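Participant: To be precise about what I am sending: the file is called entry_24.cif and holds mmCIF, C-alpha atoms.
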```
data_data
loop_
_atom_site.label_atom_id
_atom_site.label_comp_id
_atom_site.auth_asym_id
_atom_site.auth_seq_id
_atom_site.Cartn_x
_atom_site.Cartn_y
_atom_site.Cartn_z
CA MET A 15 -76.78 23.04 -14.53
CA LYS A 16 -74.21 20.34 -15.03
CA ASN A 17 -71.45 22.92 -15.57
CA SER A 18 -72.43 24.74 -12.37
CA TYR A 19 -72.26 21.47 -10.44
CA ASN A 20 -68.77 20.74 -11.79
CA LYS A 21 -67.59 24.22 -10.82
CA ILE A 22 -68.91 23.79 -7.28
CA LEU A 23 -67.18 20.38 -7.05
CA ILE A 24 -63.87 21.79 -8.28
CA ILE A 25 -64.07 24.75 -5.89
CA SER A 26 -64.94 22.45 -2.97
CA SER A 27 -62.05 20.12 -3.79
CA GLY A 28 -59.69 23.07 -4.01
CA LEU A 29 -60.80 24.33 -0.62
CA VAL A 30 -60.22 20.89 0.92
CA VAL A 31 -56.71 20.74 -0.56
CA LEU A 32 -55.93 24.25 0.65
CA GLY A 33 -57.22 23.35 4.09
CA CYS A 34 -54.97 20.31 4.24
CA LEU A 35 -51.96 22.32 3.10
CA PHE A 36 -52.72 25.01 5.67
CA PHE A 37 -52.96 22.41 8.46
CA VAL A 38 -49.69 20.71 7.46
CA GLY A 39 -47.92 24.05 7.23
CA PHE A 40 -49.30 25.11 10.59
CA VAL A 41 -48.02 21.94 12.25
CA TYR A 42 -44.64 22.13 10.52
CA PHE A 43 -43.91 25.71 11.54
CA LEU A 44 -45.40 25.49 15.02
CA PRO A 45 -42.68 25.97 17.73
CA SER A 46 -41.50 22.68 19.24
CA GLU A 47 -42.51 23.65 22.78
CA ASN A 48 -46.14 23.89 21.63
CA LEU A 49 -45.94 20.44 20.07
CA ALA A 50 -45.20 18.95 23.45
CA GLU A 51 -48.59 20.19 24.64
CA LYS A 52 -50.44 18.30 21.90
CA PRO A 53 -50.42 14.56 22.66
CA SER A 54 -51.89 13.76 19.26
CA ILE A 55 -48.69 14.90 17.50
CA SER A 56 -45.44 13.00 17.96
CA VAL A 57 -42.03 14.04 16.69
CA VAL A 58 -39.32 11.41 16.24
CA ASP A 59 -35.82 12.59 17.13
CA ASN A 60 -33.36 10.48 15.19
CA GLN A 61 -30.60 11.45 17.61
CA THR A 62 -32.26 10.29 20.81
CA ASP A 63 -34.88 7.70 19.99
CA PRO A 64 -33.51 4.47 21.55
CA GLN A 65 -35.26 2.35 18.93
CA ILE A 66 -33.42 4.11 16.11
CA VAL A 67 -29.99 4.97 17.51
CA PRO A 68 -28.00 1.84 18.47
CA LYS A 69 -26.16 1.93 21.75
CA THR A 70 -22.41 2.36 21.32
CA VAL A 71 -19.78 1.18 23.76
CA PRO A 72 -16.30 2.75 23.64
CA ALA A 73 -13.75 0.19 22.46
CA VAL A 74 -10.52 -0.26 24.39
CA LEU A 75 -7.39 -1.66 22.77
CA TYR A 76 -4.78 -3.04 25.16
CA LEU A 77 -1.16 -3.20 24.02
CA THR A 78 1.58 -4.83 26.06
CA THR A 79 5.31 -4.51 25.59
CA MET A 80 8.51 -5.92 26.97
CA THR A 81 11.90 -4.34 26.38
CA HIS A 82 14.92 -6.63 26.43
CA LEU A 83 18.37 -5.41 27.41
CA GLU A 84 20.18 -8.29 25.78
CA ASP A 85 22.65 -10.58 27.51
CA ALA A 86 24.78 -10.32 24.36
CA TRP A 87 25.44 -6.62 25.04
CA VAL A 88 28.59 -7.48 26.98
CA GLU A 89 29.97 -3.96 26.50
CA ALA A 90 27.26 -2.60 28.80
CA ALA A 91 29.14 -4.05 31.77
CA THR A 92 32.58 -2.67 30.91
CA GLN A 93 32.24 0.33 28.58
CA GLU A 94 30.64 3.35 30.23
CA ILE A 95 29.80 5.08 26.95
CA TYR A 96 27.95 1.98 25.75
CA PHE A 97 26.16 1.65 29.09
CA LYS A 98 25.11 5.30 29.11
CA ARG A 99 23.71 5.03 25.59
CA VAL A 100 21.50 2.11 26.60
CA ALA A 101 20.49 3.89 29.82
CA GLU A 102 19.53 6.98 27.83
CA GLU A 103 17.34 4.92 25.52
CA VAL A 104 15.62 3.25 28.47
CA ARG A 105 14.86 6.64 30.03
CA TYR A 106 13.62 8.00 26.71
CA GLY A 107 11.29 5.01 26.43
CA MET A 108 9.90 5.67 29.90
CA ASP A 109 9.41 9.37 29.15
CA LEU A 110 7.50 8.53 25.99
CA ALA A 111 5.36 5.89 27.69
CA GLU A 112 4.48 8.21 30.55
CA ASP A 113 3.25 10.85 28.09
CA TYR A 114 0.50 8.35 27.21
CA ASP A 115 -0.03 6.88 30.71
CA ALA A 116 1.54 3.63 29.52
CA ILE A 117 3.58 1.16 31.54
CA LEU A 118 6.70 -0.59 30.27
CA THR A 119 8.41 -3.76 31.41
CA ILE A 120 12.20 -3.58 31.16
CA GLU A 121 13.88 -6.99 31.28
CA THR A 122 17.64 -7.00 31.63
CA GLY A 123 20.40 -9.45 30.94
CA LEU A 124 23.55 -9.74 33.03
CA PRO A 125 25.78 -7.06 31.38
CA PHE A 126 23.44 -4.10 31.88
CA ALA A 127 22.68 -5.18 35.45
CA GLU A 128 26.41 -5.27 36.16
CA GLY A 129 26.83 -1.90 34.44
CA CYS A 130 24.32 -0.35 36.85
CA VAL A 131 26.75 -1.26 39.65
CA ASN A 132 30.01 -0.59 37.81
CA PHE A 133 28.98 2.90 36.69
CA ASP A 134 26.93 3.81 39.77
CA ASP A 135 23.69 4.37 37.86
CA ASN A 136 20.89 2.12 39.06
CA VAL A 137 18.61 2.46 36.06
CA MET A 138 16.62 -0.65 36.98
CA ALA A 139 15.68 0.79 40.38
CA GLU A 140 14.61 3.99 38.61
CA VAL A 141 12.41 1.95 36.27
CA LEU A 142 10.59 0.50 39.27
CA GLU A 143 10.37 3.84 41.11
CA ARG A 144 8.75 5.45 38.07
CA GLY A 145 5.97 2.87 38.11
CA HIS A 146 7.19 0.53 35.39
CA GLY A 147 7.97 -3.16 35.63
CA VAL A 148 11.30 -4.95 35.78
CA GLY A 149 12.28 -8.47 34.83
CA VAL A 150 15.18 -10.64 33.80
CA HIS A 151 16.16 -11.70 30.28
CA PRO A 152 18.79 -14.44 30.68
CA ASP A 153 19.30 -15.30 26.98
CA LEU A 154 19.87 -18.97 27.67
CA PRO A 155 22.02 -20.34 24.79
CA ALA A 156 19.49 -21.63 22.29
CA LYS A 157 21.48 -23.89 20.00
CA LYS A 158 23.23 -26.17 22.47
CA VAL A 159 21.95 -28.46 25.19
CA LEU A 160 23.03 -27.53 28.69
CA PRO A 161 22.61 -29.88 31.64
CA THR A 162 19.60 -28.77 33.65
CA GLU A 163 21.76 -27.84 36.64
CA LEU A 164 23.97 -25.62 34.48
CA ALA A 165 20.97 -24.02 32.76
CA THR A 166 19.43 -23.34 36.16
CA ASP A 167 22.60 -21.66 37.41
CA PHE A 168 22.79 -19.60 34.21
CA ILE A 169 19.29 -18.19 34.76
CA LYS A 170 19.68 -17.76 38.52
CA LYS A 171 22.90 -15.77 38.14
CA ARG A 172 21.00 -13.16 36.14
CA ILE A 173 18.08 -13.12 38.55
CA ASP A 174 20.44 -12.56 41.47
CA ALA A 175 22.17 -9.70 39.63
CA LEU A 176 18.83 -7.94 39.19
CA LYS A 177 17.79 -8.61 42.80
CA LYS A 178 20.83 -6.63 43.95
CA LEU A 179 19.40 -3.60 42.15
CA VAL A 180 15.70 -3.67 43.02
CA ASP A 181 13.70 -4.36 46.14
CA THR A 182 11.10 -6.64 44.61
CA ASP A 183 10.60 -10.31 43.86
CA ILE A 184 11.69 -11.52 40.45
CA ILE A 185 9.24 -14.29 39.62
CA GLY A 186 9.40 -14.48 35.83
CA CYS A 187 11.86 -14.41 32.97
CA SER A 188 12.09 -14.29 29.20
CA GLY A 189 14.75 -15.35 26.74
CA VAL A 190 15.06 -18.93 27.97
CA SER A 191 13.64 -20.80 24.96
CA ALA A 192 16.35 -23.25 23.90
CA LYS A 193 17.33 -26.87 23.26
CA SER A 194 17.95 -27.26 26.99
CA ASP A 195 15.15 -28.15 29.40
CA TRP A 196 14.33 -24.49 29.87
CA TYR A 197 11.05 -25.24 31.63
CA THR A 198 12.64 -27.15 34.51
CA ALA A 199 15.60 -24.79 34.67
CA SER A 200 13.35 -21.74 34.93
CA LEU A 201 11.30 -23.28 37.73
CA GLN A 202 14.39 -24.31 39.67
CA ALA A 203 15.86 -20.82 39.26
CA GLY A 204 12.76 -19.37 40.95
CA CYS A 205 10.61 -18.33 37.99
CA SER A 206 6.91 -19.08 38.18
CA PHE A 207 6.24 -17.93 34.62
CA VAL A 208 8.03 -17.40 31.32
CA ASP A 209 7.06 -14.60 28.95
CA GLY A 210 8.10 -13.76 25.42
CA THR A 211 8.21 -17.42 24.41
CA VAL A 212 9.34 -17.84 20.80
CA ALA A 213 9.70 -20.76 18.39
CA PHE A 214 13.01 -21.74 20.00
CA ALA A 215 10.92 -23.14 22.87
CA TYR A 216 10.01 -26.05 20.57
CA LEU A 217 13.65 -27.15 20.36
CA SER A 218 13.49 -28.93 23.71
CA MET A 219 10.18 -30.61 22.92
CA PRO A 220 9.27 -33.77 21.00
CA MET A 221 8.32 -33.38 17.37
CA VAL A 222 4.62 -33.14 18.24
CA ARG A 223 4.19 -29.74 16.67
CA PRO A 224 2.97 -28.12 13.44
CA ARG A 225 4.39 -30.08 10.50
CA LEU A 226 6.49 -27.24 9.10
CA VAL A 227 7.97 -26.22 12.46
CA THR A 228 11.08 -28.38 12.27
CA ASN A 229 14.31 -27.73 14.14
CA ALA A 230 15.96 -26.69 10.87
CA PHE A 231 13.17 -24.21 10.15
CA ILE A 232 13.45 -22.70 13.65
CA LEU A 233 17.23 -22.42 13.57
CA PHE A 234 17.82 -21.41 9.97
CA GLY A 235 14.46 -20.17 8.66
#
```
Is it possible to give me this structure as structure tokens?

Facilitator:
Amino acid sequence: MKNSYNKILIISSGLVVLGCLFFVGFVYFLPSENLAEKPSISVVDNQTDPQIVPKTVPAVLYLTTMTHLEDAWVEAATQEIYFKRVAEEVRYGMDLAEDYDAILTIETGLPFAEGCVNFDDNVMAEVLERGHGVGVHPDLPAKKVLPTELATDFIKKRIDALKKLVDTDIIGCSGVSAKSDWYTASLQAGCSFVDGTVAFAYLSMPMVRPRLVTNAFILFG
């Protein structure tokens, strides 16, 4: 009798297990559209569940550039081959930037601005017409102190040269950091901002600066 009872218990347990397996298999293989009709069954979608998938925001990296046509390139005003080589590089830079919907700022010193007139090729006007920015890069002498009036005239001469080429206001400049009072000179020349400030800007300031940033370090490294 005891053996018969054990057999019945084993068979009953087996049937329960088989029933559970059958139910799980039925649910697993049931088409997903049928699952939606059964409110008692929920399926978690790891791709869309807002509690599982964190919201992502596209990151944007902004890069800015300025291109200096140096005041030291004196040949750009008098040697056409030299001028054309610089002009070609400026146009190549614009072509490349435009391939990526980027905008350049081309800041010129006096020689290249004069070359635009001397060789009848107004590259700076083209820069503006193509949607890029223009500016002036005076290259104020860094290692000697100029009277403020002379420093102002130095900067203004370069601004005026650029104004002859482009129909826009020139309100900023770069390349003025020096021992001279470049701040006052820039303002008096008509600049409302200075960009591209480098360590040379400290040379006109009191020694209230980082301990290692001495005049000797700035000038000679």

Participant: Do you know which residues lie at most 9 Å from (7.8, -8.9, 23.6), with coordinates as in the file and only C-alpha atoms counted, and could you write them as a list in words?

Facilitator: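 Result, sorted by chain then residue number: Thr78, Thr79, Met80, Thr81, His82, Ser188, Asp209, Gly210 and Thr211 of chain A.
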
Participant: Can you tell me which residues surround region 167-180 of chain A at a distance of at most 8 Å, considering all atoms listed in the file, apart from same-chain residues fewer than 6 positions away, and format the answer as a ChimeraX atom specification?

Facilitator: /A:122-124,127-128,130,136,138-139,142,149-152,154,199-200,203-204

Participant: For the atom pair CA of Gly186 (chain A) and CA of Asp109 (chain A), what is the interatomic distance in Å to one decimal place?

Facilitator: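 Here the two named atoms are 24.8 Å from each other.
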
Participant: Out of A:Tyr114, A:Tyr76, A:Phe126, A:Tyr106, which residue has the shortest atom-to-atom distance to Ala90 (chain A) when counting all atoms listed in the file?

Facilitator: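 Distance minimum relative to Ala90 (chain A) lands on A:Phe126.
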
Participant: Tell me, in Å to one decimal, how far CA of Ala156 (chain A) is from CA of Trp196 (chain A).

Facilitator: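 Taking CA of Ala156 (chain A) and CA of Trp196 (chain A), their separation equals 9.6 Å.
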
Participant: Given the PyMOL selection byres ((chain A and resi 219-235) around 12) and the file above, list the residues it selects as a PyMOL selection string.

Facilitator: chain A and resi 156-158+191-197+212-218

Participant: With distances taken over only C-alpha atoms, which residue among A:Leu201, A:Val131, A:Asp153, A:His146 lies nearest Ala91 (chain A)?

Facilitator: A:Val131

Participant: Using Å and a single decimal, report how far CA of Glu121 (chain A) sits from CA of Leu83 (chain A).

Facilitator: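 Spanning CA of Leu83 (chain A) to CA of Glu121 (chain A) is a straight-line distance of 6.1 Å.
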
Participant: Listed atoms of region 151-166 of chain A, axis-aligned box, 6 Å per side: centre and edge lengths to one decimal in Å, as JSON?

Facilitator:
```
{"center_x": 20.1, "center_y": -20.8, "center_z": 28.3, "size_x": 19.8, "size_y": 30.2, "size_z": 28.6}
```

Participant: Evaluate the PyMOL selection byres ((chain A and resi 100-102) around 9) on the structure here and hand back the selected residues as number ranges by chain.

Facilitator: A: 83, 90, 95-99, 103-107, 126, 135, 137

Participant: Restricting the calculation to only C-alpha atoms, which member of A:Asp85, A:Ser206, A:Thr198, A:Ala165 is positioned closest to Ile184 (chain A)?

Facilitator: A:Ser206

Participant: Between A:Val159, A:Asp113, A:Gly129, A:Phe207, which is the closest to Val88 (chain A) once you count all atoms listed in the file?

Facilitator: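 Residue with the minimum atom-to-atom distance to Val88 (chain A): A:Gly129.
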
Participant: Of the candidates A:Thr70, A:Val141, A:Ile117, A:Glu84, which one gets nearest to Asp181 (chain A) if we count all atoms listed in the file?

Facilitator: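 With all atoms listed in the file as the atom set, the closest residue is A:Val141.
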
Participant: Please determine, counting all atoms listed in the file, which residue among A:Pro125, A:Glu112, A:Val74, A:Leu118 has the shortest atom-to-atom distance to Ala86 (chain A).

Facilitator: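 Checking each candidate against Ala86 (chain A), we get A:Pro125 as the closest.
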